[in-house]
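Trainee: Here's a structure for you.
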Number of protein chains: 2
Amino acid sequence: MKDFFNVVSIETILGFRNRFHVTPPESVDLSACTGRVLARDVAADIDIPGFSRATMDGYAVQGASTFGSSESNPAYLEVIGAVAMGEVPTVPVGAGQAVRISTGGMLPPGADSVVMIEHAEAVESDLIEVYKSVAPGQHVIGQGEDVAFGQIVLTAGTILRPQEAGLLAALGQRRIPVYGRPRVGIISTGDEVVPVEATPRAGQIRDINATTLAGQVAHCGGRPQLFGIVQDHLETLRGVCRDALASNDMVLISGGSSVGTRDYTIEALESMPGGSILAHGVSISPGKPTILAAADGKPVWGLPGHAASAMVVFHVLVRPFVAHMGGMATRAPEVPRVHARLSRNIASQQGRVDFVRVQLEMGDEELWAHPVLGKSGLISTMVKADGLLRIEAHTEGLDGGTTVAVELLSPVMG
Amino acid sequence: MKDFFNVVSIETILGFRNRFHVTPPESVDLSACTGRVLARDVAADIDIPGFSRATMDGYAVQGASTFGSSESNPAYLEVIGAVAMGEVPTVPVGAGQAVRISTGGMLPPGADSVVMIEHAEAVESDLIEVYKSVAPGQHVIGQGEDVAFGQIVLTAGTILRPQEAGLLAALGQRRIPVYGRPRVGIISTGDEVVPVEATPRAGQIRDINATTLAGQVAHCGGRPQLFGIVQDHLETLRGVCRDALASNDMVLISGGSSVGTRDYTIEALESMPGGSILAHGVSISPGKPTILAAADGKPVWGLPGHAASAMVVFHVLVRPFVAHMGGMATRAPEVPRVHARLSRNIASQQGRVDFVRVQLEMGDEELWAHPVLGKSGLISTMVKADGLLRIEAHTEGLDGGTTVAVELLSPVMG
């Protein structure tokens, strides 16, 4: 009994993503679309804006009427009217003429630019002095300058931020086609694990993983559904697993991947319809005993029972599957990274990728990354951590003082 | 009419935060607490774990029984039983003895460490060879090693991530005290602005700001409430503003801060109970004509009508107010920044802080920041942008090739 696992690389695991389907699209109200993933390309069916608009308060003019004007040599323009906001101005602006206009107003026929109110002064009720010349197009947004009719403005797979939602608003789209949020069933296992509500007796601990994993699922766009705690009993696990698969796109089983209960997990997964083990063991630390199976065409994970290990495995391996199944295009933003200097040496074993929990601290001049000490069973190590530092498999360790990239453990404010 | 604004600095605006109250606490279910802000310090009322646990599958032993053992010179230990998961083992482990134990099992009395199953081999049913010595405490999480009884584990003002929720689960907390999400009323103004549902006639445009600002409010922890579009009419604006204040902790009025309609906005705000203008004009670009007022003890903002300007002002100025009112401690994570190289020169005016929209692109070796060209009225510029580059007031511009810090415009995956 020297080696239990036929470990595979992170890349091998991630390569299995494409075996699994993208969640079918649905439509949501514009007000609920941020954070969702667009399911169709969107083309503009109008110009935005639909007309040339002033971007400053002032006077709509022909730029040529102001050429050469200055403080000492102002141009004199006749004011022939005013543009009412939201209305179509009809009086044309000729050479030497001006029309009062506010920000957002529609340019009258003939006008090509706007003199800022700060650069003009009324000398009579219908006469202004202009102190600064404007070029044609200046202080104007042209018709279609924001978005041109027919242009593909957003592509399927885009995560909708407030600004993308704003663009959809400008196009008059009230119902937005988005990919469904992948439903993820979460099962905890272990005879020693009791629910949050229970008072643990000696030898028992409360279930942490259901809460942490549900939070991570929600944070990366999935919809968690909890299936409680299953005792180490094959038939029970098989039944709950079947239920979880029936109503979800993915299933996470935590605690069943170390020797004690992994055999049940593997046997239960292999007995599911279309069940097969894709990988058992990944060359990462923490998280080596992770299991990936397929059942009913859906990914099923056996995650470590240790609280911090399960979170790291979720972050590194499961999250990209949720993103893929949620329709996120490869162009989707990566996990944000910050650069920081490592505060002390870290040893690392070659042949596996290590994920080190680090705490970030702003020093006088730069950001420092302090490795968080503590075993991977300790949830407190994840609470102390602001991010994860990845040490590649070919590396023996990192020296203190090295500048490293740290993946932030969100949520973050934006 | 040369200058309209008595501009103040970003820092002056942010200093006004402390005039406004933090939203009262409420309690939410553990399953809904991630992303919320903890309203009370939390102390551990138990040790976690409540007993010493194995972190590996193997044999619970006295470490001293294995000292000096190796492949060529194994230690021989008598197996006197097994620990059942979740149960309290009663048979003590003496020198030269071992008890089978699984990950998470409770250490029997007398045992101080665990020999990994990989480092032992059964030679008879009740006798094992051990090939590697273990130190006392090895492969064990001690009682209270994760969290010790009485320890303050989380402090008020902490944003709850999945790991903090997991810690609260371990403590058996089902109802979590969090600050209320600040309610933010959103009013759009302008005679040229029509609802998303409407088909704009010539001279009209659809309301973008209500959608973008609501998305930004939600993303930084607030609860947006839309009050529609108000025409440029003092009494109407005053009435809607009064309604918005009555049911919200903060109000945003977009479009009313340039010359055309700002007088109405200012007059309406000054006429509110306890209404006073705190600032009119901020030394930033875009966003100079921003108004900050207090009314009824709540902040009321006059934001630019230009879509990109309003978003930038929200990000830079309004967001910290929402965070403050939402109870986020100063220790709260900052907006994530990435370092990138600027792809070309940018000019900047001294005396104001410029926020340049940039698109990020991963080159062969490093990340590049490309400034997004386009006027601040164009929502498409924000759609193209991955982040904002801040150019300080004392700077005349930045040279292409400079390494710069870019604030990411979220949402981001975590």
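Each chain in the structure tokens gets a letter, A, B and so on, in the order shown; residues start at 1 in every chain, and ligands are counted from 1 in the order they appear.
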Excluding same-chain residues fewer than 4 positions from region 318-329 of chain B, what lies within 7 Å of it counting only C-alpha atoms, as a PDB file with N, CA, C and O atoms, in the first residue's frame?

Mentor:
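Dumped everything to result.pdb:
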```pdb
ATOM      1  N   ARG B  17     -18.190  61.220   3.954  1.00  0.00           N
ATOM      2  CA  ARG B  17     -18.812  59.926   4.272  1.00  0.00           C
ATOM      3  C   ARG B  17     -19.271  59.828   5.720  1.00  0.00           C
ATOM      4  O   ARG B  17     -20.353  59.327   6.012  1.00  0.00           O
ATOM      5  N   HIS B  21     -25.061  57.877   8.373  1.00  0.00           N
ATOM      6  CA  HIS B  21     -25.196  56.749   9.297  1.00  0.00           C
ATOM      7  C   HIS B  21     -24.945  55.410   8.608  1.00  0.00           C
ATOM      8  O   HIS B  21     -25.130  55.262   7.404  1.00  0.00           O
ATOM      9  N   VAL B  22     -24.539  54.454   9.410  1.00  0.00           N
ATOM     10  CA  VAL B  22     -24.414  53.081   8.944  1.00  0.00           C
ATOM     11  C   VAL B  22     -25.803  52.437   9.055  1.00  0.00           C
ATOM     12  O   VAL B  22     -26.526  52.667  10.018  1.00  0.00           O
ATOM     13  N   THR B  23     -26.165  51.666   8.038  1.00  0.00           N
ATOM     14  CA  THR B  23     -27.496  51.040   7.980  1.00  0.00           C
ATOM     15  C   THR B  23     -27.680  50.089   9.161  1.00  0.00           C
ATOM     16  O   THR B  23     -26.751  49.343   9.494  1.00  0.00           O
ATOM     17  N   VAL B  37     -22.191  42.002   5.166  1.00  0.00           N
ATOM     18  CA  VAL B  37     -21.180  42.565   6.066  1.00  0.00           C
ATOM     19  C   VAL B  37     -21.571  42.246   7.512  1.00  0.00           C
ATOM     20  O   VAL B  37     -22.655  42.620   7.957  1.00  0.00           O
ATOM     21  N   GLY B 157     -17.872  44.353  10.458  1.00  0.00           N
ATOM     22  CA  GLY B 157     -17.334  45.065   9.299  1.00  0.00           C
ATOM     23  C   GLY B 157     -16.692  44.142   8.281  1.00  0.00           C
ATOM     24  O   GLY B 157     -16.311  44.583   7.198  1.00  0.00           O
ATOM     25  N   THR B 158     -16.566  42.856   8.613  1.00  0.00           N
ATOM     26  CA  THR B 158     -15.978  41.891   7.688  1.00  0.00           C
ATOM     27  C   THR B 158     -16.995  41.525   6.600  1.00  0.00           C
ATOM     28  O   THR B 158     -18.141  41.216   6.900  1.00  0.00           O
ATOM     29  N   ILE B 159     -16.552  41.544   5.354  1.00  0.00           N
ATOM     30  CA  ILE B 159     -17.394  41.027   4.273  1.00  0.00           C
ATOM     31  C   ILE B 159     -17.315  39.507   4.335  1.00  0.00           C
ATOM     32  O   ILE B 159     -16.223  38.934   4.338  1.00  0.00           O
ATOM     33  N   TYR B 179     -25.141  43.975   8.600  1.00  0.00           N
ATOM     34  CA  TYR B 179     -25.692  45.307   8.352  1.00  0.00           C
ATOM     35  C   TYR B 179     -26.702  45.230   7.219  1.00  0.00           C
ATOM     36  O   TYR B 179     -26.527  44.446   6.276  1.00  0.00           O
ATOM     37  N   GLY B 180     -27.742  46.039   7.321  1.00  0.00           N
ATOM     38  CA  GLY B 180     -28.695  46.129   6.224  1.00  0.00           C
ATOM     39  C   GLY B 180     -28.003  46.629   4.968  1.00  0.00           C
ATOM     40  O   GLY B 180     -27.017  47.368   5.043  1.00  0.00           O
ATOM     41  N   ARG B 181     -28.487  46.199   3.822  1.00  0.00           N
ATOM     42  CA  ARG B 181     -27.934  46.724   2.565  1.00  0.00           C
ATOM     43  C   ARG B 181     -28.507  48.122   2.359  1.00  0.00           C
ATOM     44  O   ARG B 181     -29.729  48.299   2.344  1.00  0.00           O
ATOM     45  N   PRO B 182     -27.643  49.131   2.172  1.00  0.00           N
ATOM     46  CA  PRO B 182     -28.171  50.497   1.989  1.00  0.00           C
ATOM     47  C   PRO B 182     -29.121  50.544   0.780  1.00  0.00           C
ATOM     48  O   PRO B 182     -28.811  50.017  -0.285  1.00  0.00           O
ATOM     49  N   CYS B 220     -22.027  46.657  -5.318  1.00  0.00           N
ATOM     50  CA  CYS B 220     -21.228  47.057  -4.148  1.00  0.00           C
ATOM     51  C   CYS B 220     -22.018  46.900  -2.864  1.00  0.00           C
ATOM     52  O   CYS B 220     -21.645  47.444  -1.825  1.00  0.00           O
ATOM     53  N   GLY B 222     -25.445  47.453  -2.241  1.00  0.00           N
ATOM     54  CA  GLY B 222     -26.656  48.229  -1.988  1.00  0.00           C
ATOM     55  C   GLY B 222     -27.885  47.607  -2.632  1.00  0.00           C
ATOM     56  O   GLY B 222     -27.795  46.604  -3.340  1.00  0.00           O
ATOM     57  N   VAL B 313     -18.029  58.230 -11.941  1.00  0.00           N
ATOM     58  CA  VAL B 313     -18.282  58.947 -10.682  1.00  0.00           C
ATOM     59  C   VAL B 313     -18.832  57.975  -9.633  1.00  0.00           C
ATOM     60  O   VAL B 313     -18.444  58.022  -8.465  1.00  0.00           O
ATOM     61  N   PHE B 314     -19.704  57.076 -10.062  1.00  0.00           N
ATOM     62  CA  PHE B 314     -20.197  56.086  -9.103  1.00  0.00           C
ATOM     63  C   PHE B 314     -19.040  55.283  -8.531  1.00  0.00           C
ATOM     64  O   PHE B 314     -18.907  55.109  -7.324  1.00  0.00           O
TER      65      PHE B 314
END
```

Trainee: Counting only C-alpha atoms, what is within 6 Å of region 187-194 of chain B, bar same-chain residues fewer than 2 positions away, as a list of chain:residue names?

Mentor: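 Skipping anything fewer than 2 positions along the chain leaves A:Met85, A:Gly86, B:Gln204, B:Ile205, B:Arg206, B:Asp207, B:Phe227, B:Gly228, B:Ile229, B:Val230, B:Gln231, B:Asp232, B:Ile253, B:Ser254, B:Gly255.
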
Trainee: Deliver the residues from the most recent selection as a file, using N, CA, C and O atoms, as an mmCIF file, in the first residue's frame.

Mentor:
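Generated output (out32.cif):
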```
data_model
loop_
_atom_site.group_PDB
_atom_site.id
_atom_site.type_symbol
_atom_site.label_atom_id
_atom_site.label_comp_id
_atom_site.auth_asym_id
_atom_site.auth_seq_id
_atom_site.Cartn_x
_atom_site.Cartn_y
_atom_site.Cartn_z
ATOM 1 N N MET A 85 -35.242 70.382 -25.341
ATOM 2 C CA MET A 85 -34.755 69.017 -25.109
ATOM 3 C C MET A 85 -35.808 67.997 -25.541
ATOM 4 O O MET A 85 -36.984 68.128 -25.208
ATOM 5 N N GLY A 86 -35.343 66.990 -26.256
ATOM 6 C CA GLY A 86 -36.246 65.917 -26.665
ATOM 7 C C GLY A 86 -37.063 66.261 -27.899
ATOM 8 O O GLY A 86 -37.855 65.441 -28.361
ATOM 9 N N GLN B 204 -34.809 62.018 -28.988
ATOM 10 C CA GLN B 204 -34.941 61.316 -27.714
ATOM 11 C C GLN B 204 -33.949 60.165 -27.624
ATOM 12 O O GLN B 204 -33.537 59.595 -28.642
ATOM 13 N N ILE B 205 -33.597 59.794 -26.419
ATOM 14 C CA ILE B 205 -32.768 58.602 -26.202
ATOM 15 C C ILE B 205 -33.327 57.834 -25.025
ATOM 16 O O ILE B 205 -33.969 58.392 -24.145
ATOM 17 N N ARG B 206 -33.033 56.527 -25.016
ATOM 18 C CA ARG B 206 -33.504 55.699 -23.904
ATOM 19 C C ARG B 206 -32.632 55.927 -22.670
ATOM 20 O O ARG B 206 -31.447 56.249 -22.778
ATOM 21 N N ASP B 207 -33.229 55.723 -21.523
ATOM 22 C CA ASP B 207 -32.541 55.876 -20.243
ATOM 23 C C ASP B 207 -31.524 54.738 -20.069
ATOM 24 O O ASP B 207 -31.898 53.572 -20.005
ATOM 25 N N PHE B 227 -36.866 55.109 -9.624
ATOM 26 C CA PHE B 227 -37.963 56.074 -9.547
ATOM 27 C C PHE B 227 -38.282 56.679 -10.907
ATOM 28 O O PHE B 227 -38.921 57.720 -10.983
ATOM 29 N N GLY B 228 -37.821 56.036 -11.965
ATOM 30 C CA GLY B 228 -38.212 56.458 -13.310
ATOM 31 C C GLY B 228 -37.542 57.743 -13.754
ATOM 32 O O GLY B 228 -36.516 58.163 -13.206
ATOM 33 N N ILE B 229 -38.145 58.329 -14.760
ATOM 34 C CA ILE B 229 -37.582 59.514 -15.411
ATOM 35 C C ILE B 229 -38.422 60.730 -15.044
ATOM 36 O O ILE B 229 -39.640 60.706 -15.150
ATOM 37 N N VAL B 230 -37.748 61.773 -14.583
ATOM 38 C CA VAL B 230 -38.444 63.001 -14.212
ATOM 39 C C VAL B 230 -38.133 64.066 -15.255
ATOM 40 O O VAL B 230 -36.967 64.258 -15.617
ATOM 41 N N GLN B 231 -39.172 64.703 -15.761
ATOM 42 C CA GLN B 231 -38.970 65.780 -16.722
ATOM 43 C C GLN B 231 -38.354 66.987 -16.001
ATOM 44 O O GLN B 231 -38.365 67.065 -14.773
ATOM 45 N N ASP B 232 -37.817 67.897 -16.776
ATOM 46 C CA ASP B 232 -37.160 69.073 -16.196
ATOM 47 C C ASP B 232 -38.203 70.040 -15.658
ATOM 48 O O ASP B 232 -38.560 71.044 -16.292
ATOM 49 N N ILE B 253 -29.426 61.163 -8.495
ATOM 50 C CA ILE B 253 -30.169 61.830 -9.569
ATOM 51 C C ILE B 253 -29.195 61.980 -10.721
ATOM 52 O O ILE B 253 -28.178 62.653 -10.579
ATOM 53 N N SER B 254 -29.465 61.331 -11.826
ATOM 54 C CA SER B 254 -28.507 61.461 -12.925
ATOM 55 C C SER B 254 -29.047 62.402 -13.983
ATOM 56 O O SER B 254 -30.240 62.462 -14.231
ATOM 57 N N GLY B 255 -28.131 63.166 -14.569
ATOM 58 C CA GLY B 255 -28.503 64.058 -15.659
ATOM 59 C C GLY B 255 -28.801 65.471 -15.212
ATOM 60 O O GLY B 255 -28.918 66.358 -16.036
#
```

Trainee: When you look at Met382 (chain B) with a cut-off of 7 Å (counting only C-alpha atoms), what residues show up, excluding the ones that are within fewer than 3 positions of it in the same chain? I need them as a list in words.

Mentor: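 Here the answer would be Gln163 of chain A; Ala308, Arg357, Ile379 and Ala385 of chain B.
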
Trainee: Export, as a compact mmCIF listing (two decimals), in the first residue's frame, the selected residues with N, CA and C atoms.

Mentor:
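For reference, selection_37.txt as written:
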```txt
# COMPACT_ATOMS: atom_id res chain seq x y z
N GLN A 163 -22.37 47.94 -17.29
CA GLN A 163 -22.28 48.69 -18.55
C GLN A 163 -22.88 47.92 -19.72
N ALA B 308 -20.95 57.11 -19.44
CA ALA B 308 -19.66 56.67 -18.92
C ALA B 308 -19.24 57.54 -17.73
N ARG B 357 -10.44 55.03 -19.20
CA ARG B 357 -10.93 53.67 -19.42
C ARG B 357 -9.87 52.90 -20.22
N ILE B 379 -21.63 54.89 -23.90
CA ILE B 379 -21.67 53.69 -23.06
C ILE B 379 -20.75 52.62 -23.65
N ALA B 385 -14.14 48.71 -21.88
CA ALA B 385 -13.15 48.85 -20.81
C ALA B 385 -13.17 47.67 -19.84
```

Trainee: Using Å and a single decimal, report how far CA of Gly185 (chain B) sits from CA of Leu252 (chain B).

Mentor: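 Interatomic distance, CA of Leu252 (chain B) to CA of Gly185 (chain B): 6.2 Å.
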
Trainee: Take CA of Ser31 (chain B) and CA of Leu389 (chain A) and report the distance between them in Å, one decimal.

Mentor: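 We find that CA of Ser31 (chain B) and CA of Leu389 (chain A) lie 28.2 Å from each other.
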
Trainee: Please determine, counting only C-alpha atoms, which residue among B:Ala54, B:Ile80, B:Val282, B:Cys241 has the shortest atom-to-atom distance to chain A.

Mentor: B:Ala54

Trainee: Please determine, counting only C-alpha atoms, which residue among B:Glu78, B:Asp45, B:Glu164, B:Glu361 has the shortest atom-to-atom distance to chain A.

Mentor: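 When distances to chain A are compared using only C-alpha atoms, the smallest one comes from B:Glu164.
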